[in-house]
Structure formats: structure tokens, C-alpha cells
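Below is one structure, written out as C-alpha cells; comments come after it.
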Amino acid sequence: MRVLVSAFEPFGGRKVNASWELARRLPERVGRHRVRVARLPVVYGASWPALERAVADFRPEAVLALGEAPGREVRLERVAVNLRCGGADNAGRVADGEPLDAAGRAAHLTTLPVGRLLAALRRARVPARESLSAGAYLCNETFYFLMVRDAAVPFRGGAGFVHVPRDAHRRMPAALSVLLKAL
């Protein structure tokens, strides 16, 4: 199966984004999957188009979008909401609670096998939980439009979003391989 893994560039003045550090180290094959990674900008309105181009180019059967967040656990996100609200992006723009798509649904649900992925992480002793909110910053924006795309043209292996801790690339470097093998 072809799996596209996306991750974000650093933001907020930090030099490293753990999601990108994990993704960029992935080999081209993980288990039975052929893997490609895409680095996304932390700019409102630009992350989804970058991911959409990677989807069109690679034609994946599954998409695993990553972002970093405070905390100590990997969070498997269930719900993307139609909302843009958050701090400044890398272009300096601050969002103030506007809808992502004025004509769009209020929310979309992941199509990843969250239970199976969560069980695999726990078997590998990676701290993990499911989450009902991807927030309202760029992670949610990317997740929302990914799920709009998945609703229109489904990815056979599913699509969704995973938050990793800010130190995941140092503390749990195998977490991403565990997720991919469980797809």
C-alpha cells in the first residue's frame, strides 16, 4: 500500500518540529508499505494545498498527517472541525474563529483504524490516546480538508491526523513506524 505521511515545518520561533523530524527519517518502505513524506508550511491556507499536491503526485491509498503538540502522549485525532482559530502562523497571520469552509460541514471524522493503531502503539509501549479535538490551528485545518477530500474520493487505507509530543523524535523515534505497520 502507498502511504503518504505529512508533517509540518518548525513554527513559533522553534528550530525543530518533531512531526517533521520523525517523518523525514522514514525509509521508503515500512513493513509492506511504500512511503512518501511531504513537508507542509505552517501558513493558514497553504498547508492543505501543499498536501493536496503531494496526494495528486503520489496517489496514496492512505494518508497519515502529523503535527506536534504539547504533552507526553501520541494523540490519534478523531474529529476535524470547520474552524480556524489560533496564534500567528509563520507568515504572521492570526486567525480569529472563522470557518475553514463557509459552505462545509461542521466536522469530519477520521477514517483511520484508530482502535487498531492505538492498540499497536500500546503494545510497543508508546504512550498514546485517542483525542476528540485536533485544536483549531494548522493541524486541524489540514485534517479538515484532508477529510473533505477523503469523503469525496476515499483513501482505501484511511486518512487522518496524529499529534506527536514535541520531543517525540528523541523520546519515541519508533512511534511512526509502529503506526505505519499497523495500517
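Scheme for the C-alpha cells: letters A, B, ... for chains in order shown; per-chain residue numbers from 1; ligand numbers from 1 in order shown.
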Could you go through segment 46-169 of chain A and tell me which residues DSSP, when run on the backbone, assigns to helix (DSSP H, G or I), listing them as a PDB file with C-alpha atoms, in the first residue's frame?
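Below is the file part-v4.pdb, written as the result:
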```pdb
ATOM      1  CA  SER A  47      -0.855  23.612   4.292  1.00  0.00           C
ATOM      2  CA  TRP A  48      -3.751  21.798   2.636  1.00  0.00           C
ATOM      3  CA  PRO A  49      -2.821  22.854  -0.938  1.00  0.00           C
ATOM      4  CA  ALA A  50       0.712  21.533  -0.311  1.00  0.00           C
ATOM      5  CA  LEU A  51      -0.689  18.231   0.954  1.00  0.00           C
ATOM      6  CA  GLU A  52      -3.195  18.112  -1.902  1.00  0.00           C
ATOM      7  CA  ARG A  53      -0.325  18.409  -4.420  1.00  0.00           C
ATOM      8  CA  ALA A  54       1.510  15.546  -2.694  1.00  0.00           C
ATOM      9  CA  VAL A  55      -1.674  13.433  -2.830  1.00  0.00           C
ATOM     10  CA  ALA A  56      -2.101  14.156  -6.559  1.00  0.00           C
ATOM     11  CA  ASP A  57       1.542  13.322  -7.237  1.00  0.00           C
ATOM     12  CA  PHE A  58       1.844  10.118  -5.184  1.00  0.00           C
ATOM     13  CA  VAL A 114      -7.922   4.340  15.448  1.00  0.00           C
ATOM     14  CA  GLY A 115      -8.541   1.342  17.705  1.00  0.00           C
ATOM     15  CA  ARG A 116      -6.042  -0.832  15.840  1.00  0.00           C
ATOM     16  CA  LEU A 117      -3.428   1.942  15.747  1.00  0.00           C
ATOM     17  CA  LEU A 118      -3.878   2.699  19.433  1.00  0.00           C
ATOM     18  CA  ALA A 119      -3.510  -0.986  20.339  1.00  0.00           C
ATOM     19  CA  ALA A 120      -0.300  -1.245  18.279  1.00  0.00           C
ATOM     20  CA  LEU A 121       1.206   1.808  19.972  1.00  0.00           C
ATOM     21  CA  ARG A 122       0.347   0.464  23.406  1.00  0.00           C
ATOM     22  CA  ARG A 123       1.832  -2.957  22.585  1.00  0.00           C
ATOM     23  CA  LEU A 138      -2.964  24.442  11.172  1.00  0.00           C
ATOM     24  CA  CYS A 139      -3.179  20.803  12.264  1.00  0.00           C
ATOM     25  CA  ASN A 140      -6.963  20.966  12.351  1.00  0.00           C
ATOM     26  CA  GLU A 141      -7.120  22.947   9.095  1.00  0.00           C
ATOM     27  CA  THR A 142      -5.047  20.332   7.284  1.00  0.00           C
ATOM     28  CA  PHE A 143      -7.005  17.486   8.888  1.00  0.00           C
ATOM     29  CA  TYR A 144     -10.354  19.058   7.942  1.00  0.00           C
ATOM     30  CA  PHE A 145      -9.534  19.471   4.250  1.00  0.00           C
ATOM     31  CA  LEU A 146      -7.897  16.041   4.135  1.00  0.00           C
ATOM     32  CA  MET A 147     -11.157  14.538   5.379  1.00  0.00           C
ATOM     33  CA  VAL A 148     -13.202  16.597   2.885  1.00  0.00           C
ATOM     34  CA  ARG A 149     -11.026  15.045   0.181  1.00  0.00           C
ATOM     35  CA  ASP A 150     -11.425  11.577   1.730  1.00  0.00           C
ATOM     36  CA  ALA A 151     -15.224  11.968   1.779  1.00  0.00           C
ATOM     37  CA  ALA A 152     -15.215  12.852  -1.933  1.00  0.00           C
ATOM     38  CA  ALA A 168       8.831  12.568  20.081  1.00  0.00           C
ATOM     39  CA  HIS A 169      11.785  12.488  17.687  1.00  0.00           C
TER      40      HIS A 169
END
```
List every residue of segment 33-102 of chain A that DSSP, applied to the backbone of this structure, assigns to strand (DSSP E), and report them as JSON, numbers by chain. {"A": [33, 34, 35, 36, 37, 38, 39, 40, 62, 63, 64, 65, 66, 67, 68, 69, 74, 75, 76, 77, 79, 80, 81, 84, 85, 86, 87, 88, 94, 95, 96, 97, 98]}
Closest of A:Gly71, A:Ser6, A:Ser133, A:Ser177 to Arg29 of chain A - atom-to-atom distances counting only C-alpha atoms: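 That would be A:Ser177, the residue with the smallest distance to Arg29 of chain A.
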How many Å lie between atom CA of Trp20 of chain A and atom CA of Pro154 of chain A, rounded to one decimal? 25.1 Å
10 Å contact set for Phe155 of chain A, only C-alpha atoms, chain neighbours under 5 positions out, as a VMD selection string: chain A and resid 3 59 to 63 111 to 112 147 149 to 150
Can I get the selection written as a PDB file, in the first residue's frame, with N, CA and C atoms?
```
ATOM      1  N   VAL A   3       1.547   4.874   1.210  1.00  0.00           N
ATOM      2  CA  VAL A   3       1.137   5.708   2.337  1.00  0.00           C
ATOM      3  C   VAL A   3       1.884   7.029   2.272  1.00  0.00           C
ATOM      4  N   ARG A  59      -0.550   9.657  -5.303  1.00  0.00           N
ATOM      5  CA  ARG A  59      -1.780   8.844  -5.344  1.00  0.00           C
ATOM      6  C   ARG A  59      -1.767   7.766  -4.252  1.00  0.00           C
ATOM      7  N   PRO A  60      -1.696   8.193  -2.992  1.00  0.00           N
ATOM      8  CA  PRO A  60      -1.616   7.220  -1.892  1.00  0.00           C
ATOM      9  C   PRO A  60      -2.938   6.512  -1.657  1.00  0.00           C
ATOM     10  N   GLU A  61      -2.816   5.367  -1.012  1.00  0.00           N
ATOM     11  CA  GLU A  61      -4.002   4.620  -0.586  1.00  0.00           C
ATOM     12  C   GLU A  61      -4.351   4.932   0.862  1.00  0.00           C
ATOM     13  N   ALA A  62      -3.432   5.583   1.564  1.00  0.00           N
ATOM     14  CA  ALA A  62      -3.667   6.040   2.935  1.00  0.00           C
ATOM     15  C   ALA A  62      -2.843   7.292   3.164  1.00  0.00           C
ATOM     16  N   VAL A  63      -3.359   8.163   4.029  1.00  0.00           N
ATOM     17  CA  VAL A  63      -2.642   9.381   4.391  1.00  0.00           C
ATOM     18  C   VAL A  63      -2.614   9.500   5.905  1.00  0.00           C
ATOM     19  N   THR A 111     -10.900   8.455   9.091  1.00  0.00           N
ATOM     20  CA  THR A 111     -11.203   7.118   8.553  1.00  0.00           C
ATOM     21  C   THR A 111     -10.062   6.150   8.854  1.00  0.00           C
ATOM     22  N   LEU A 112      -9.117   6.582   9.675  1.00  0.00           N
ATOM     23  CA  LEU A 112      -8.055   5.669  10.112  1.00  0.00           C
ATOM     24  C   LEU A 112      -8.622   4.661  11.115  1.00  0.00           C
ATOM     25  N   MET A 147      -9.962  15.364   5.229  1.00  0.00           N
ATOM     26  CA  MET A 147     -11.157  14.538   5.379  1.00  0.00           C
ATOM     27  C   MET A 147     -12.255  14.928   4.377  1.00  0.00           C
ATOM     28  N   ARG A 149     -11.518  15.784   1.350  1.00  0.00           N
ATOM     29  CA  ARG A 149     -11.026  15.045   0.181  1.00  0.00           C
ATOM     30  C   ARG A 149     -11.352  13.559   0.301  1.00  0.00           C
ATOM     31  N   ASP A 150     -11.152  12.998   1.499  1.00  0.00           N
ATOM     32  CA  ASP A 150     -11.425  11.577   1.730  1.00  0.00           C
ATOM     33  C   ASP A 150     -12.910  11.267   1.563  1.00  0.00           C
TER      34      ASP A 150
END
```
Leu64 of chain A surroundings by only C-alpha atoms, 7 Å radius, close-in-sequence under 6 positions cut, as an MDAnalysis selection string: chainID A and resid 4:6 159:161
Given the choices A:Ala46, A:Val164, A:Leu183, A:Ala95, which gets closest to Pro113 of chain A if the distance is worked out from only C-alpha atoms?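 The shortest atom-to-atom distance to Pro113 of chain A comes from A:Leu183.
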The residue from A:Leu40, A:Leu100, A:Val162, A:Ala182 with the smallest atom-to-atom distance to Arg78 of chain A, counting only C-alpha atoms, is A:Val162
A:Gly12, A:Pro127, A:Gly157, A:Pro41 ranked by distance to Arg75 of chain A, top pick (using only C-alpha atoms):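 Under the stated criterion, the closest residue is A:Pro127.
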Using only C-alpha atoms, which residue out of A:Leu176, A:Leu26, A:Ala7, A:Val35 lies closest to Ala124 of chain A?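 Closest to Ala124 of chain A, using only C-alpha atoms: A:Leu176.
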Extract, using only C-alpha atoms, all DNA, RNA and protein residues at most 7 Å from Ala175 of chain A, discarding same-chain residues fewer than 3 positions from it, and format them as a ChimeraX atom specification. /A:121,126,172,178-179
Just the selected residues (N, CA, C and O atoms), exported as a PDB file, in the first residue's frame, please.
```pdb
ATOM      1  N   LEU A 121       0.332   0.911  19.214  1.00  0.00           N
ATOM      2  CA  LEU A 121       1.206   1.808  19.972  1.00  0.00           C
ATOM      3  C   LEU A 121       1.367   1.324  21.414  1.00  0.00           C
ATOM      4  O   LEU A 121       2.469   1.302  21.954  1.00  0.00           O
ATOM      5  N   VAL A 126       4.376   2.703  23.583  1.00  0.00           N
ATOM      6  CA  VAL A 126       4.394   4.120  23.236  1.00  0.00           C
ATOM      7  C   VAL A 126       3.175   4.753  23.902  1.00  0.00           C
ATOM      8  O   VAL A 126       2.050   4.319  23.650  1.00  0.00           O
ATOM      9  N   MET A 172      10.589   8.928  21.404  1.00  0.00           N
ATOM     10  CA  MET A 172       9.862   7.784  20.832  1.00  0.00           C
ATOM     11  C   MET A 172      10.055   7.707  19.322  1.00  0.00           C
ATOM     12  O   MET A 172       9.098   7.799  18.554  1.00  0.00           O
ATOM     13  N   VAL A 178       5.656   2.145  14.037  1.00  0.00           N
ATOM     14  CA  VAL A 178       4.614   1.315  14.661  1.00  0.00           C
ATOM     15  C   VAL A 178       3.264   1.628  14.035  1.00  0.00           C
ATOM     16  O   VAL A 178       2.499   0.737  13.673  1.00  0.00           O
ATOM     17  N   LEU A 179       2.959   2.917  13.893  1.00  0.00           N
ATOM     18  CA  LEU A 179       1.685   3.320  13.277  1.00  0.00           C
ATOM     19  C   LEU A 179       1.569   2.815  11.848  1.00  0.00           C
ATOM     20  O   LEU A 179       0.525   2.273  11.454  1.00  0.00           O
TER      21      LEU A 179
END
```
Distance atom CA of Ala136 of chain A-atom CA of Val94 of chain A, one decimal place?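 Atom CA of Val94 of chain A lies 11.6 Å from atom CA of Ala136 of chain A.
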So how far away is atom CA of Val42 of chain A from atom CA of Glu68 of chain A, in Å?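 Separation between atom CA of Glu68 of chain A and atom CA of Val42 of chain A: 11.6 Å.
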